[in-house]
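Enquirer: Sharing data_10.tsv (TSV, C-alpha atoms) below.
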chain	number	residue	atom	x	y	z
A	6	MET	CA	0.71	-55.39	-23.37
A	7	LYS	CA	-1.23	-53.27	-25.84
A	8	LEU	CA	0.52	-51.35	-28.62
A	9	VAL	CA	-0.82	-47.81	-28.99
A	10	GLU	CA	-0.13	-44.65	-30.97
A	11	PRO	CA	0.28	-41.20	-29.37
A	12	THR	CA	-2.28	-38.56	-30.26
A	13	VAL	CA	-2.43	-34.79	-29.79
A	14	THR	CA	-5.66	-32.85	-29.26
A	15	LEU	CA	-5.85	-29.08	-28.89
A	16	ILE	CA	-8.34	-28.27	-26.10
A	17	CYS	CA	-7.76	-24.58	-25.38
A	18	ARG	CA	-6.77	-21.53	-27.43
A	19	PRO	CA	-6.77	-17.74	-26.80
A	20	GLN	CA	-10.12	-15.95	-26.85
A	21	LEU	CA	-10.19	-12.16	-26.84
A	22	ASP	CA	-12.64	-9.89	-25.07
A	23	THR	CA	-13.09	-7.69	-28.11
A	24	GLN	CA	-15.28	-5.13	-26.37
A	25	ALA	CA	-12.69	-4.62	-23.63
A	26	ILE	CA	-10.02	-4.06	-26.27
A	27	GLU	CA	-12.23	-1.60	-28.17
A	28	ASN	CA	-12.91	0.28	-24.92
A	29	TYR	CA	-9.18	0.54	-24.27
A	30	LEU	CA	-8.46	1.77	-27.79
A	31	GLU	CA	-11.18	4.41	-27.50
A	32	GLU	CA	-9.78	5.58	-24.17
A	33	ILE	CA	-6.27	6.09	-25.60
A	34	GLY	CA	-7.55	7.83	-28.72
A	35	ALA	CA	-7.06	4.96	-31.17
A	36	LYS	CA	-10.67	4.08	-31.96
A	37	ASP	CA	-10.19	5.64	-35.41
A	38	ARG	CA	-7.13	3.50	-36.19
A	39	PRO	CA	-6.59	2.67	-39.88
A	40	PRO	CA	-8.50	-0.28	-41.36
A	41	GLY	CA	-6.66	-3.54	-40.81
A	42	VAL	CA	-4.98	-2.43	-37.58
A	43	VAL	CA	-6.06	-4.68	-34.69
A	44	ASP	CA	-8.91	-6.08	-36.75
A	45	LEU	CA	-10.87	-7.85	-34.04
A	46	SER	CA	-12.79	-9.88	-36.62
A	47	HIS	CA	-9.54	-11.61	-37.58
A	48	GLN	CA	-9.98	-15.39	-37.65
A	49	TYR	CA	-6.92	-16.21	-35.56
A	50	GLU	CA	-7.26	-14.64	-32.13
A	51	ALA	CA	-3.77	-15.60	-30.96
A	52	GLU	CA	-2.39	-13.53	-33.83
A	53	SER	CA	-4.62	-10.57	-32.96
A	54	LEU	CA	-3.35	-10.76	-29.39
A	55	VAL	CA	0.27	-10.68	-30.57
A	56	GLU	CA	-0.45	-7.69	-32.81
A	57	PHE	CA	-2.27	-5.85	-30.02
A	58	SER	CA	0.58	-6.53	-27.57
A	59	GLY	CA	3.21	-5.35	-30.01
A	60	ARG	CA	1.36	-2.18	-30.94
A	61	LEU	CA	0.73	-1.43	-27.28
A	62	ASP	CA	4.49	-1.64	-26.63
A	63	TYR	CA	5.13	1.21	-29.06
A	64	ASN	CA	1.72	2.91	-28.91
A	65	SER	CA	1.59	2.42	-32.65
A	66	PHE	CA	-2.12	1.87	-33.22
A	67	LYS	CA	-2.14	4.79	-35.65
A	68	PRO	CA	0.42	7.27	-36.99
A	69	LYS	CA	1.43	10.03	-34.56
A	70	LEU	CA	-0.49	8.56	-31.62
A	71	ASN	CA	3.07	8.26	-30.44
A	72	PRO	CA	4.83	11.34	-31.89
A	73	ASN	CA	7.86	9.18	-32.68
A	74	VAL	CA	5.80	6.92	-34.96
A	75	THR	CA	4.86	8.51	-38.30
A	76	ARG	CA	4.20	5.33	-40.32
A	77	ILE	CA	2.72	1.98	-39.34
A	78	ARG	CA	2.08	-1.38	-40.97
A	79	THR	CA	-1.62	-1.86	-41.66
A	80	SER	CA	-1.90	-5.62	-42.26
A	81	ILE	CA	-1.57	-8.26	-39.59
A	82	GLU	CA	0.41	-10.49	-41.93
A	83	GLU	CA	3.04	-7.80	-42.48
A	84	TYR	CA	3.01	-6.80	-38.81
A	85	ILE	CA	3.58	-10.32	-37.48
A	86	GLN	CA	6.26	-10.99	-40.07
A	87	ASN	CA	8.12	-7.98	-38.74
A	88	ILE	CA	7.67	-9.28	-35.18
A	89	LEU	CA	9.33	-12.55	-36.18
A	90	ASN	CA	12.04	-10.90	-38.25
A	91	SER	CA	12.96	-8.56	-35.41
A	92	HIS	CA	12.80	-11.38	-32.80
A	93	HIS	CA	10.33	-9.42	-30.67
A	94	GLY	CA	9.36	-12.66	-28.97
A	95	SER	CA	8.01	-11.27	-25.70
A	96	VAL	CA	4.75	-10.20	-27.35
A	97	CYS	CA	4.16	-13.86	-28.33
A	98	GLU	CA	4.05	-15.04	-24.73
A	99	GLY	CA	0.42	-14.04	-24.05
A	100	GLY	CA	-1.07	-16.47	-26.55
A	101	PHE	CA	-1.40	-19.79	-24.70
A	102	PHE	CA	-2.46	-23.13	-26.17
A	103	VAL	CA	-3.30	-26.31	-24.24
A	104	PHE	CA	-3.16	-29.88	-25.57
A	105	ILE	CA	-3.99	-33.37	-24.37
A	106	LEU	CA	-1.14	-35.72	-25.22
A	107	HIS	CA	-2.72	-39.17	-25.12
A	108	ASN	CA	-0.86	-42.50	-25.08
A	109	VAL	CA	2.54	-40.89	-24.65
A	110	SER	CA	5.25	-42.50	-22.54
A	111	ARG	CA	6.91	-41.27	-19.41
A	112	VAL	CA	10.05	-41.16	-21.51
A	113	LEU	CA	8.35	-38.33	-23.41
A	114	THR	CA	6.86	-36.57	-20.38
A	115	ALA	CA	10.21	-36.60	-18.57
A	116	GLU	CA	11.78	-34.77	-21.52
A	117	LEU	CA	8.77	-32.51	-22.00
A	118	CYS	CA	8.90	-31.25	-18.42
A	119	ARG	CA	12.42	-29.91	-18.99
A	120	HIS	CA	10.75	-27.02	-20.80
A	121	ARG	CA	9.69	-25.05	-17.74
A	122	VAL	CA	9.46	-21.49	-19.10
A	123	GLY	CA	6.06	-20.51	-20.48
A	124	THR	CA	4.62	-24.01	-20.08
A	125	SER	CA	2.23	-25.96	-17.86
A	126	PHE	CA	1.89	-29.68	-17.17
A	127	SER	CA	-0.68	-31.92	-15.48
A	128	GLU	CA	0.22	-35.59	-15.81
A	129	ARG	CA	-1.73	-38.67	-14.77
A	130	SER	CA	-0.58	-39.69	-11.30
A	131	LEU	CA	0.47	-43.27	-10.71
A	132	ARG	CA	0.31	-42.56	-7.00
A	133	TYR	CA	-3.47	-42.65	-7.35
A	134	VAL	CA	-4.12	-44.54	-10.59
A	135	ARG	CA	-3.56	-48.29	-10.33
A	136	LEU	CA	-1.71	-50.12	-13.09
A	137	GLU	CA	-3.08	-53.37	-14.44
A	138	ASP	CA	-2.84	-53.45	-18.22
A	139	ILE	CA	0.17	-51.64	-19.64
A	140	SER	CA	0.03	-49.95	-23.04
A	141	MET	CA	3.11	-48.82	-24.96
A	142	TRP	CA	4.21	-47.11	-28.14
A	143	LEU	CA	7.06	-48.77	-30.00
A	144	PRO	CA	8.81	-47.43	-33.10
A	145	GLU	CA	8.13	-49.25	-36.36
A	146	TRP	CA	11.62	-50.74	-36.57
A	147	ALA	CA	11.10	-52.40	-33.17
A	148	LYS	CA	7.70	-53.82	-34.16
A	149	ARG	CA	9.24	-55.31	-37.31
A	150	ASP	CA	11.82	-57.21	-35.24
A	151	GLU	CA	9.73	-60.25	-34.30
A	152	ASP	CA	12.15	-61.69	-31.74
A	153	LEU	CA	12.57	-58.31	-30.04
A	154	LEU	CA	8.82	-57.67	-30.01
A	155	ASN	CA	8.04	-61.09	-28.53
A	156	ARG	CA	10.57	-60.59	-25.73
A	157	CYS	CA	9.18	-57.10	-25.01
A	158	VAL	CA	5.62	-58.40	-24.85
A	159	TYR	CA	6.69	-61.23	-22.53
A	160	LEU	CA	8.60	-58.89	-20.21
A	161	VAL	CA	5.72	-56.43	-19.95
A	162	SER	CA	3.25	-59.29	-19.36
A	163	GLN	CA	5.38	-60.30	-16.37
A	164	ILE	CA	5.23	-56.73	-15.03
A	165	GLU	CA	1.44	-56.66	-15.52
A	166	SER	CA	1.19	-59.95	-13.65
A	167	HIS	CA	3.28	-58.56	-10.80
A	168	GLN	CA	1.08	-55.45	-10.63
A	169	ARG	CA	-2.04	-57.60	-10.33
A	170	TRP	CA	-0.37	-59.82	-7.74
A	171	MET	CA	0.57	-56.81	-5.61
A	172	ALA	CA	-2.98	-55.44	-5.81
A	173	GLU	CA	-4.31	-58.75	-4.52
A	174	HIS	CA	-1.51	-59.15	-1.96
A	175	PHE	CA	-2.24	-55.70	-0.53
A	176	GLN	CA	-6.02	-56.34	-0.79
A	177	LEU	CA	-6.38	-52.88	-2.29
A	178	ASP	CA	-10.08	-53.27	-3.05
A	179	ALA	CA	-10.79	-53.99	0.62
A	180	ILE	CA	-8.80	-51.07	2.05
A	181	LYS	CA	-11.12	-48.33	3.34
A	182	ASP	CA	-8.39	-45.86	4.32
A	183	PHE	CA	-7.57	-44.02	1.09
A	184	SER	CA	-4.27	-42.81	2.51
A	185	GLU	CA	-3.12	-46.40	2.94
A	186	LYS	CA	-4.41	-47.30	-0.52
A	187	LYS	CA	-2.49	-44.36	-1.97
A	188	ASP	CA	0.72	-45.43	-0.23
A	189	LYS	CA	0.44	-48.97	-1.58
A	190	THR	CA	-0.39	-47.75	-5.08
A	191	SER	CA	2.59	-45.40	-4.90
A	192	PHE	CA	4.81	-48.34	-4.02
A	193	MET	CA	3.50	-50.36	-6.94
A	194	ARG	CA	4.44	-47.70	-9.50
A	195	ARG	CA	8.11	-48.33	-8.71
A	196	PHE	CA	7.80	-51.50	-10.75
A	197	ALA	CA	6.29	-49.83	-13.82
A	198	PRO	CA	8.35	-49.38	-17.01
A	199	LEU	CA	9.24	-45.87	-18.15
A	200	GLY	CA	7.75	-46.64	-21.55
A	201	LEU	CA	4.19	-47.18	-20.32
A	202	ALA	CA	1.55	-45.07	-22.05
A	203	THR	CA	0.09	-42.21	-20.04
A	204	ASP	CA	-1.74	-38.91	-20.58
A	205	ILE	CA	-0.69	-35.36	-19.88
A	206	VAL	CA	-2.29	-31.93	-20.26
A	207	PHE	CA	0.41	-29.74	-21.76
A	208	GLY	CA	0.17	-25.98	-22.23
A	209	SER	CA	2.58	-23.52	-23.78
A	210	ASN	CA	2.74	-19.97	-25.03
A	211	VAL	CA	3.50	-19.28	-28.68
A	212	ARG	CA	7.10	-18.24	-28.11
A	213	GLN	CA	7.98	-21.46	-26.30
A	214	LEU	CA	6.00	-23.62	-28.74
A	215	ARG	CA	8.08	-22.27	-31.61
A	216	HIS	CA	11.26	-23.14	-29.75
A	217	MET	CA	10.02	-26.61	-28.80
A	218	ILE	CA	8.86	-27.45	-32.33
A	219	GLU	CA	12.26	-26.50	-33.71
A	220	LEU	CA	14.14	-28.43	-31.02
A	221	ARG	CA	11.93	-31.49	-30.69
A	222	THR	CA	11.38	-32.23	-34.40
A	223	SER	CA	15.13	-32.26	-35.02
A	224	ILE	CA	16.61	-35.53	-36.29
A	225	HIS	CA	18.60	-35.53	-33.04
A	226	ALA	CA	15.45	-35.59	-30.86
A	227	GLU	CA	14.05	-38.77	-29.32
A	228	ALA	CA	11.79	-40.63	-31.75
A	229	GLU	CA	8.50	-40.42	-29.85
A	230	ILE	CA	8.80	-36.75	-28.94
A	231	ARG	CA	9.65	-36.01	-32.60
A	232	LYS	CA	6.44	-37.74	-33.65
A	233	VAL	CA	4.35	-35.80	-31.13
A	234	PHE	CA	5.83	-32.40	-31.96
A	235	GLN	CA	5.41	-32.97	-35.67
A	236	MET	CA	1.69	-33.28	-34.89
A	237	ILE	CA	1.79	-30.15	-32.73
A	238	ALA	CA	3.54	-28.26	-35.55
A	239	GLU	CA	0.76	-29.18	-37.98
A	240	ILE	CA	-1.89	-28.05	-35.50
A	241	MET	CA	-0.18	-24.71	-34.86
A	242	CYS	CA	0.30	-23.95	-38.55
A	243	PHE	CA	-3.48	-24.31	-38.87
A	244	GLU	CA	-4.28	-22.39	-35.66
A	245	ALA	CA	-1.89	-19.45	-36.21
A	246	PRO	CA	-0.54	-19.51	-39.78
A	247	ASN	CA	1.18	-16.13	-39.56
A	248	LEU	CA	2.91	-16.97	-36.29
A	249	PHE	CA	4.11	-20.35	-37.54
A	250	GLY	CA	4.17	-19.76	-41.28
A	251	ASP	CA	7.93	-19.30	-41.42
A	252	PHE	CA	8.40	-22.99	-40.55
A	253	THR	CA	9.12	-25.43	-43.35
A	254	GLN	CA	9.33	-29.20	-43.02
A	255	ASP	CA	12.31	-30.82	-44.71
A	256	GLU	CA	12.56	-34.31	-46.19
A	257	GLN	CA	13.69	-35.68	-42.81
A	258	GLY	CA	10.58	-34.40	-41.04
A	259	GLN	CA	12.31	-31.51	-39.25
A	260	TRP	CA	10.32	-28.30	-38.83
A	261	ILE	CA	12.78	-25.48	-39.39
A	262	PRO	CA	11.87	-21.81	-38.84
A	263	ARG	CA	13.27	-18.92	-40.82
A	264	ASN	CA	13.40	-17.00	-37.53
A	265	SER	CA	14.90	-19.08	-34.75
A	266	LYS	CA	14.55	-18.28	-31.02
A	267	ILE	CA	12.44	-15.13	-31.33
What would the structure in this file look like if it were written as structure tokens?

Expert:
Amino acid sequence: MKLVEPTVTLICRPQLDTQAIENYLEEIGAKDRPPGVVDLSHQYEAESLVEFSGRLDYNSFKPKLNPNVTRIRTSIEEYIQNILNSHHGSVCEGGFFVFILHNVSRVLTAELCRHRVGTSFSERSLRYVRLEDISMWLPEWAKRDEDLLNRCVYLVSQIESHQRWMAEHFQLDAIKDFSEKKDKTSFMRRFAPLGLATDIVFGSNVRQLRHMIELRTSIHAEAEIRKVFQMIAEIMCFEAPNLFGDFTQDEQGQWIPRNSKI
């Protein structure tokens, strides 16, 4: 049994086709929009996408483009703050971010997959991937308990031994029919602990990420998923500071937004 720590790596973020957006704005008569409105040189493209989506909703790229709109906000910071304050969350669903969660348990992935709206998941399959050495994350309090840790290590070593015995018993390396090999490997995963470390590609739009960060960094959340979403919160505050800037972290590690459930 190997003790590991979960890590989070951002691997995909929104990228705008700025020329396509400029062509659209010219076509609708908004090429001469005021400075600062849909500034396509803005550093954070997810934020520009949210601004563009919101202004498209109301055709508010410049005053009187929509006769009902006589004044507009001309800074993205002010515009996005109004989006959050007014809970206009639908315009935050286009910005999608994808992460690799490495060395996380199936305890975590089982909870993660409950969030099915605006998310995507691709988890390592134990139907195809054979188990031999089992890695795990344990909370610090468990690692400090020497008797507990020794018993955990012994138990997992017995499971590892059983996995290796089954692989030899089934002569997996000699099986040429991959379908049979898959069936045997699938059987073997039934004897794997839920806490084993695995990897998952996890994607979410901005609206759902805000909700998940608030929910999963709560003191009432499971310890490992709290740890992972605290890392995701830090990444998102760097990647989209206006969209996540209303979050503050309290002394208990909770990330609490000023605007909940946009």

Enquirer: Would you kindly return, as a PyMOL selection string, each protein, DNA or RNA residue with an atom no farther than 12 Å from any atom of segment 32-43 of chain A, considering all atoms listed in the file and excluding same-chain residues fewer than 5 positions away?

Expert: chain A and resi 21+23-27+48-61+64-71+76-85

Enquirer: For atom CA of Phe243 of chain A and atom CA of Ser125 of chain A, determine how far apart the two atoms are, in Å to one decimal place.

Expert: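 Taking atom CA of Phe243 of chain A as the start and atom CA of Ser125 of chain A as the end point, the length is 21.8 Å.
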
Enquirer: Please, what distance in Å, to one decimal, runs between atom CA of Leu106 of chain A and atom CA of Val233 of chain A?

Expert: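 We find that atom CA of Leu106 of chain A and atom CA of Val233 of chain A lie 8.1 Å from each other.
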
Enquirer: Which residues, written as an MDAnalysis selection string, have at least one atom at most 8 Å from segment 202-218 of chain A, with only C-alpha atoms counted and residues fewer than 6 positions away on the same chain left out?

Expert: chainID A and resid 9 94:95 97:111 114 122:129 139:142 234:235 237:238 248:249 260 265:267

Enquirer: One decimal, Å: what's the distance from atom CA of Arg135 of chain A over to atom CA of Ser166 of chain A, could you say?

Expert: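 So the two atoms, atom CA of Arg135 of chain A and atom CA of Ser166 of chain A, lie 13.0 Å apart.
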
Enquirer: Could you check which of A:Leu143, A:Ile88, A:Leu199, A:Cys157 is closest to Pro11 of chain A, using all atoms listed in the file?

Expert: A:Leu143

Enquirer: Just the residues within 12 Å of segment 186-193 of chain A, please, counting only C-alpha atoms, with nothing from its chain fewer than 6 positions along; format it as an mmCIF file with C-alpha atoms, in the frame of the given file.

Expert:
data_model
loop_
_atom_site.group_PDB
_atom_site.id
_atom_site.type_symbol
_atom_site.label_atom_id
_atom_site.label_comp_id
_atom_site.auth_asym_id
_atom_site.auth_seq_id
_atom_site.Cartn_x
_atom_site.Cartn_y
_atom_site.Cartn_z
ATOM 1 C CA SER A 130 -0.580 -39.690 -11.300
ATOM 2 C CA LEU A 131 0.470 -43.270 -10.710
ATOM 3 C CA ARG A 132 0.310 -42.560 -7.000
ATOM 4 C CA TYR A 133 -3.470 -42.650 -7.350
ATOM 5 C CA VAL A 134 -4.120 -44.540 -10.590
ATOM 6 C CA ARG A 135 -3.560 -48.290 -10.330
ATOM 7 C CA LEU A 136 -1.710 -50.120 -13.090
ATOM 8 C CA GLU A 137 -3.080 -53.370 -14.440
ATOM 9 C CA ILE A 164 5.230 -56.730 -15.030
ATOM 10 C CA GLU A 165 1.440 -56.660 -15.520
ATOM 11 C CA SER A 166 1.190 -59.950 -13.650
ATOM 12 C CA HIS A 167 3.280 -58.560 -10.800
ATOM 13 C CA GLN A 168 1.080 -55.450 -10.630
ATOM 14 C CA ARG A 169 -2.040 -57.600 -10.330
ATOM 15 C CA TRP A 170 -0.370 -59.820 -7.740
ATOM 16 C CA MET A 171 0.570 -56.810 -5.610
ATOM 17 C CA ALA A 172 -2.980 -55.440 -5.810
ATOM 18 C CA GLU A 173 -4.310 -58.750 -4.520
ATOM 19 C CA HIS A 174 -1.510 -59.150 -1.960
ATOM 20 C CA PHE A 175 -2.240 -55.700 -0.530
ATOM 21 C CA GLN A 176 -6.020 -56.340 -0.790
ATOM 22 C CA LEU A 177 -6.380 -52.880 -2.290
ATOM 23 C CA ASP A 178 -10.080 -53.270 -3.050
ATOM 24 C CA ALA A 179 -10.790 -53.990 0.620
ATOM 25 C CA ILE A 180 -8.800 -51.070 2.050
#

Enquirer: Have a look at A:Glu31, A:Ser223, A:Ala228, A:Met241 and name the one nearest to Thr14 of chain A; count all atoms listed in the file.

Expert: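 Once distances to Thr14 of chain A are computed over all atoms listed in the file, the minimum belongs to A:Met241.
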